[in-house]
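J.: Encoded as structure tokens, here's the structure I'll be asking about.
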Amino acid sequence: MRLLGEPVGAAAGGFTSYRSTFAEGAVGAPAHFHTKATELFFVISGSLQVLVGEEITVLNEGDFLAVPPHTPHAFAAAPGATADVLFVFTPGMGRFDYLRLLSRVMRGEADAKEIAESAERFDNHYVDSPVWRAALQAST
């Protein structure tokens with residue numbers, strides 16, 4: 001993951017942007033939604049499997065998707081594919097600290113409960129999605 005840009009300090013508005021590459025079989029975010037931000041996806045190369053609401057779709061190189069607030073979504077490399085994706089959140093809200101927290105949890109340097117405790121601060125609310133779970137199980 002490469003952090004690209006976000007509002008400085010307490011500034012609101014603008015955008016937060018980062019770029020992620022996904023190896024074959026890599027899962028990105030579980031089902032979640034944002035209450036304030038629209039999340040934009042642009043597939044630079046490869047294919048990304050995405051949940052939007054209750055529907056699964058595959059985005060391919062050059063595809064663009066905007067997920068409005070309050071819409072459950074999730075993403076992973078499409079079955080048998082890798083992906084290079086640009087993510088943009090608008091308005092921006094200092095999400096780099098959230099992405100850094102995820103990295104620390106993955107390395108075992110922070111407790112996963114910190115993610116749940118940060119839901120309001122980072123506008124990232126996890127939800128259960130049987131549709132997404134089934135899609136992930138079908139691709140393994």
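Just so we're on the same page: first chain in the structure tokens is A, next is B, and so on; residues restart at 1 for each chain, and ligands are numbered from 1 in the order they show up.
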Near Tyr98 (chain A), within 10 Å and counting only C-alpha atoms, which residues show up once chain neighbours fewer than 6 positions away are dropped, as a PyMOL selection string?
T.: chain A and resi 104+114-115+118-119+121-124
J.: So that I can see what lies close to Gly62 (chain A), please list as a list in words the residues with an atom at most 10 Å from it, counting only C-alpha atoms and leaving out residues fewer than 6 positions away in the same chain.
T.: Phe42, Val43, Ile44, Ser45, Gly46, Ser47 and Val85 of chain A
J.: As a PyMOL selection string, please: every residue in region 72-120 of chain A that DSSP puts in strand (DSSP E or B).
T.: chain A and resi 73-77+83-90+92
J.: With N, CA, C and O atoms retained, write the just-selected residues as a short mmCIF file (atom, residue, chain, number, x, y, z; two decimals), in the first residue's frame.
T.:
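The resulting file, out.cif, is shown below:
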```cif
data_model
loop_
_atom_site.label_atom_id
_atom_site.label_comp_id
_atom_site.auth_asym_id
_atom_site.auth_seq_id
_atom_site.Cartn_x
_atom_site.Cartn_y
_atom_site.Cartn_z
N HIS A 73 -19.79 -2.30 1.20
CA HIS A 73 -18.90 -2.70 0.11
C HIS A 73 -17.69 -3.44 0.69
O HIS A 73 -17.40 -3.33 1.88
N ALA A 74 -17.03 -4.20 -0.17
CA ALA A 74 -15.84 -4.97 0.19
C ALA A 74 -15.08 -5.22 -1.09
O ALA A 74 -15.63 -5.05 -2.19
N PHE A 75 -13.83 -5.66 -0.98
CA PHE A 75 -13.05 -5.90 -2.20
C PHE A 75 -11.93 -6.88 -1.95
O PHE A 75 -11.45 -7.04 -0.84
N ALA A 76 -11.53 -7.54 -3.06
CA ALA A 76 -10.45 -8.53 -3.06
C ALA A 76 -9.98 -8.67 -4.50
O ALA A 76 -10.70 -8.30 -5.43
N ALA A 77 -8.79 -9.22 -4.67
CA ALA A 77 -8.35 -9.54 -6.02
C ALA A 77 -9.38 -10.51 -6.62
O ALA A 77 -9.88 -11.41 -5.93
N ALA A 83 -4.29 -7.29 -8.81
CA ALA A 83 -4.89 -5.98 -9.08
C ALA A 83 -4.00 -4.88 -8.53
O ALA A 83 -3.34 -5.06 -7.51
N ASP A 84 -3.99 -3.77 -9.22
CA ASP A 84 -3.33 -2.54 -8.79
C ASP A 84 -4.43 -1.48 -8.83
O ASP A 84 -5.01 -1.22 -9.89
N VAL A 85 -4.76 -0.90 -7.67
CA VAL A 85 -5.96 -0.07 -7.55
C VAL A 85 -5.64 1.25 -6.86
O VAL A 85 -4.93 1.29 -5.85
N LEU A 86 -6.20 2.33 -7.40
CA LEU A 86 -6.15 3.64 -6.78
C LEU A 86 -7.45 3.83 -6.02
O LEU A 86 -8.54 3.65 -6.58
N PHE A 87 -7.36 4.17 -4.73
CA PHE A 87 -8.52 4.44 -3.88
C PHE A 87 -8.53 5.92 -3.52
O PHE A 87 -7.48 6.49 -3.17
N VAL A 88 -9.70 6.53 -3.58
CA VAL A 88 -9.85 7.93 -3.19
C VAL A 88 -11.10 8.04 -2.32
O VAL A 88 -12.16 7.50 -2.68
N PHE A 89 -10.98 8.73 -1.19
CA PHE A 89 -12.12 9.03 -0.32
C PHE A 89 -12.37 10.52 -0.38
O PHE A 89 -11.42 11.31 -0.26
N THR A 90 -13.62 10.89 -0.54
CA THR A 90 -13.96 12.30 -0.49
C THR A 90 -15.26 12.47 0.29
O THR A 90 -16.20 11.71 0.06
N GLY A 92 -11.95 13.95 2.37
CA GLY A 92 -10.85 13.34 3.11
C GLY A 92 -11.01 13.58 4.59
O GLY A 92 -11.66 14.53 5.00
#
```
J.: Do a neighbour search on His125 (chain A) at 12 Å with only C-alpha atoms, toss out local chain neighbours closer than 3 positions, and write the hits as a ChimeraX atom specification.
T.: /A:29-37,69-74,115-122,128
J.: Based on DSSP run over this structure's backbone, return all residues of region 6-135 of chain A in alpha helix (DSSP H), as an mmCIF file with N, CA, C and O atoms, in the first residue's frame.
T.:
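The resulting file, part-v2.cif, is reproduced below:
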```cif
data_model
loop_
_atom_site.group_PDB
_atom_site.id
_atom_site.type_symbol
_atom_site.label_atom_id
_atom_site.label_comp_id
_atom_site.auth_asym_id
_atom_site.auth_seq_id
_atom_site.Cartn_x
_atom_site.Cartn_y
_atom_site.Cartn_z
ATOM 1 N N PHE A 96 -5.119 8.088 6.865
ATOM 2 C CA PHE A 96 -3.802 7.441 6.875
ATOM 3 C C PHE A 96 -3.536 6.788 8.225
ATOM 4 O O PHE A 96 -2.934 5.719 8.296
ATOM 5 N N ASP A 97 -3.981 7.419 9.319
ATOM 6 C CA ASP A 97 -3.786 6.814 10.641
ATOM 7 C C ASP A 97 -4.527 5.481 10.738
ATOM 8 O O ASP A 97 -4.046 4.544 11.371
ATOM 9 N N TYR A 98 -5.692 5.385 10.105
ATOM 10 C CA TYR A 98 -6.442 4.123 10.094
ATOM 11 C C TYR A 98 -5.662 3.063 9.318
ATOM 12 O O TYR A 98 -5.519 1.922 9.768
ATOM 13 N N LEU A 99 -5.145 3.425 8.155
ATOM 14 C CA LEU A 99 -4.383 2.469 7.344
ATOM 15 C C LEU A 99 -3.120 2.024 8.070
ATOM 16 O O LEU A 99 -2.730 0.859 8.003
ATOM 17 N N ARG A 100 -2.503 2.932 8.787
ATOM 18 C CA ARG A 100 -1.323 2.565 9.590
ATOM 19 C C ARG A 100 -1.711 1.620 10.728
ATOM 20 O O ARG A 100 -0.965 0.688 11.049
ATOM 21 N N LEU A 101 -2.873 1.856 11.336
ATOM 22 C CA LEU A 101 -3.366 0.956 12.387
ATOM 23 C C LEU A 101 -3.580 -0.449 11.819
ATOM 24 O O LEU A 101 -3.169 -1.436 12.440
ATOM 25 N N LEU A 102 -4.191 -0.551 10.653
ATOM 26 C CA LEU A 102 -4.379 -1.860 10.029
ATOM 27 C C LEU A 102 -3.046 -2.573 9.834
ATOM 28 O O LEU A 102 -2.926 -3.775 10.107
ATOM 29 N N SER A 103 -2.043 -1.849 9.380
ATOM 30 C CA SER A 103 -0.716 -2.445 9.180
ATOM 31 C C SER A 103 -0.130 -2.941 10.493
ATOM 32 O O SER A 103 0.441 -4.024 10.548
ATOM 33 N N ARG A 104 -0.290 -2.146 11.563
ATOM 34 C CA ARG A 104 0.239 -2.572 12.865
ATOM 35 C C ARG A 104 -0.481 -3.826 13.369
ATOM 36 O O ARG A 104 0.155 -4.731 13.923
ATOM 37 N N VAL A 105 -1.795 -3.901 13.169
ATOM 38 C CA VAL A 105 -2.549 -5.090 13.583
ATOM 39 C C VAL A 105 -2.066 -6.300 12.791
ATOM 40 O O VAL A 105 -1.832 -7.370 13.354
ATOM 41 N N MET A 106 -1.874 -6.135 11.484
ATOM 42 C CA MET A 106 -1.417 -7.255 10.647
ATOM 43 C C MET A 106 -0.034 -7.740 11.053
ATOM 44 O O MET A 106 0.262 -8.921 10.953
ATOM 45 N N LYS A 113 -8.896 -5.152 18.411
ATOM 46 C CA LYS A 113 -10.032 -4.421 18.993
ATOM 47 C C LYS A 113 -9.890 -2.909 18.771
ATOM 48 O O LYS A 113 -10.875 -2.181 18.783
ATOM 49 N N GLU A 114 -8.665 -2.439 18.521
ATOM 50 C CA GLU A 114 -8.470 -1.018 18.230
ATOM 51 C C GLU A 114 -9.163 -0.616 16.937
ATOM 52 O O GLU A 114 -9.576 0.539 16.781
ATOM 53 N N ILE A 115 -9.303 -1.545 16.010
ATOM 54 C CA ILE A 115 -9.991 -1.248 14.749
ATOM 55 C C ILE A 115 -11.461 -0.953 15.041
ATOM 56 O O ILE A 115 -12.004 0.054 14.580
ATOM 57 N N ALA A 116 -12.108 -1.825 15.805
ATOM 58 C CA ALA A 116 -13.517 -1.613 16.150
ATOM 59 C C ALA A 116 -13.700 -0.325 16.944
ATOM 60 O O ALA A 116 -14.664 0.412 16.723
ATOM 61 N N GLU A 117 -12.766 -0.045 17.844
ATOM 62 C CA GLU A 117 -12.860 1.155 18.664
ATOM 63 C C GLU A 117 -12.685 2.440 17.857
ATOM 64 O O GLU A 117 -13.071 3.511 18.304
ATOM 65 N N ALA A 119 -14.024 3.014 14.797
ATOM 66 C CA ALA A 119 -15.039 3.093 13.739
ATOM 67 C C ALA A 119 -15.549 4.519 13.513
ATOM 68 O O ALA A 119 -15.595 4.989 12.372
ATOM 69 N N GLU A 120 -15.920 5.209 14.560
ATOM 70 C CA GLU A 120 -16.438 6.579 14.407
ATOM 71 C C GLU A 120 -15.348 7.544 13.967
ATOM 72 O O GLU A 120 -15.558 8.373 13.082
ATOM 73 N N ARG A 121 -14.193 7.434 14.576
ATOM 74 C CA ARG A 121 -13.090 8.355 14.264
ATOM 75 C C ARG A 121 -12.711 8.306 12.784
ATOM 76 O O ARG A 121 -12.458 9.327 12.165
ATOM 77 N N PHE A 122 -12.679 7.089 12.217
ATOM 78 C CA PHE A 122 -12.239 6.934 10.832
ATOM 79 C C PHE A 122 -13.391 6.661 9.863
ATOM 80 O O PHE A 122 -13.144 6.397 8.688
ATOM 81 N N PRO A 130 -23.348 -12.006 4.171
ATOM 82 C CA PRO A 130 -23.339 -13.398 3.707
ATOM 83 C C PRO A 130 -22.991 -13.501 2.221
ATOM 84 O O PRO A 130 -22.334 -14.459 1.806
ATOM 85 N N VAL A 131 -23.409 -12.523 1.423
ATOM 86 C CA VAL A 131 -23.112 -12.528 -0.012
ATOM 87 C C VAL A 131 -21.599 -12.476 -0.232
ATOM 88 O O VAL A 131 -21.045 -13.224 -1.043
ATOM 89 N N TRP A 132 -20.912 -11.597 0.519
ATOM 90 C CA TRP A 132 -19.456 -11.462 0.370
ATOM 91 C C TRP A 132 -18.742 -12.715 0.880
ATOM 92 O O TRP A 132 -17.809 -13.204 0.251
ATOM 93 N N ARG A 133 -19.174 -13.244 2.027
ATOM 94 C CA ARG A 133 -18.561 -14.470 2.548
ATOM 95 C C ARG A 133 -18.672 -15.602 1.527
ATOM 96 O O ARG A 133 -17.706 -16.324 1.286
ATOM 97 N N ALA A 134 -19.836 -15.734 0.900
ATOM 98 C CA ALA A 134 -20.053 -16.802 -0.091
ATOM 99 C C ALA A 134 -19.153 -16.582 -1.305
ATOM 100 O O ALA A 134 -18.591 -17.544 -1.850
ATOM 101 N N ALA A 135 -18.989 -15.341 -1.733
ATOM 102 C CA ALA A 135 -18.132 -15.043 -2.890
ATOM 103 C C ALA A 135 -16.688 -15.401 -2.589
ATOM 104 O O ALA A 135 -15.993 -15.982 -3.438
#
```
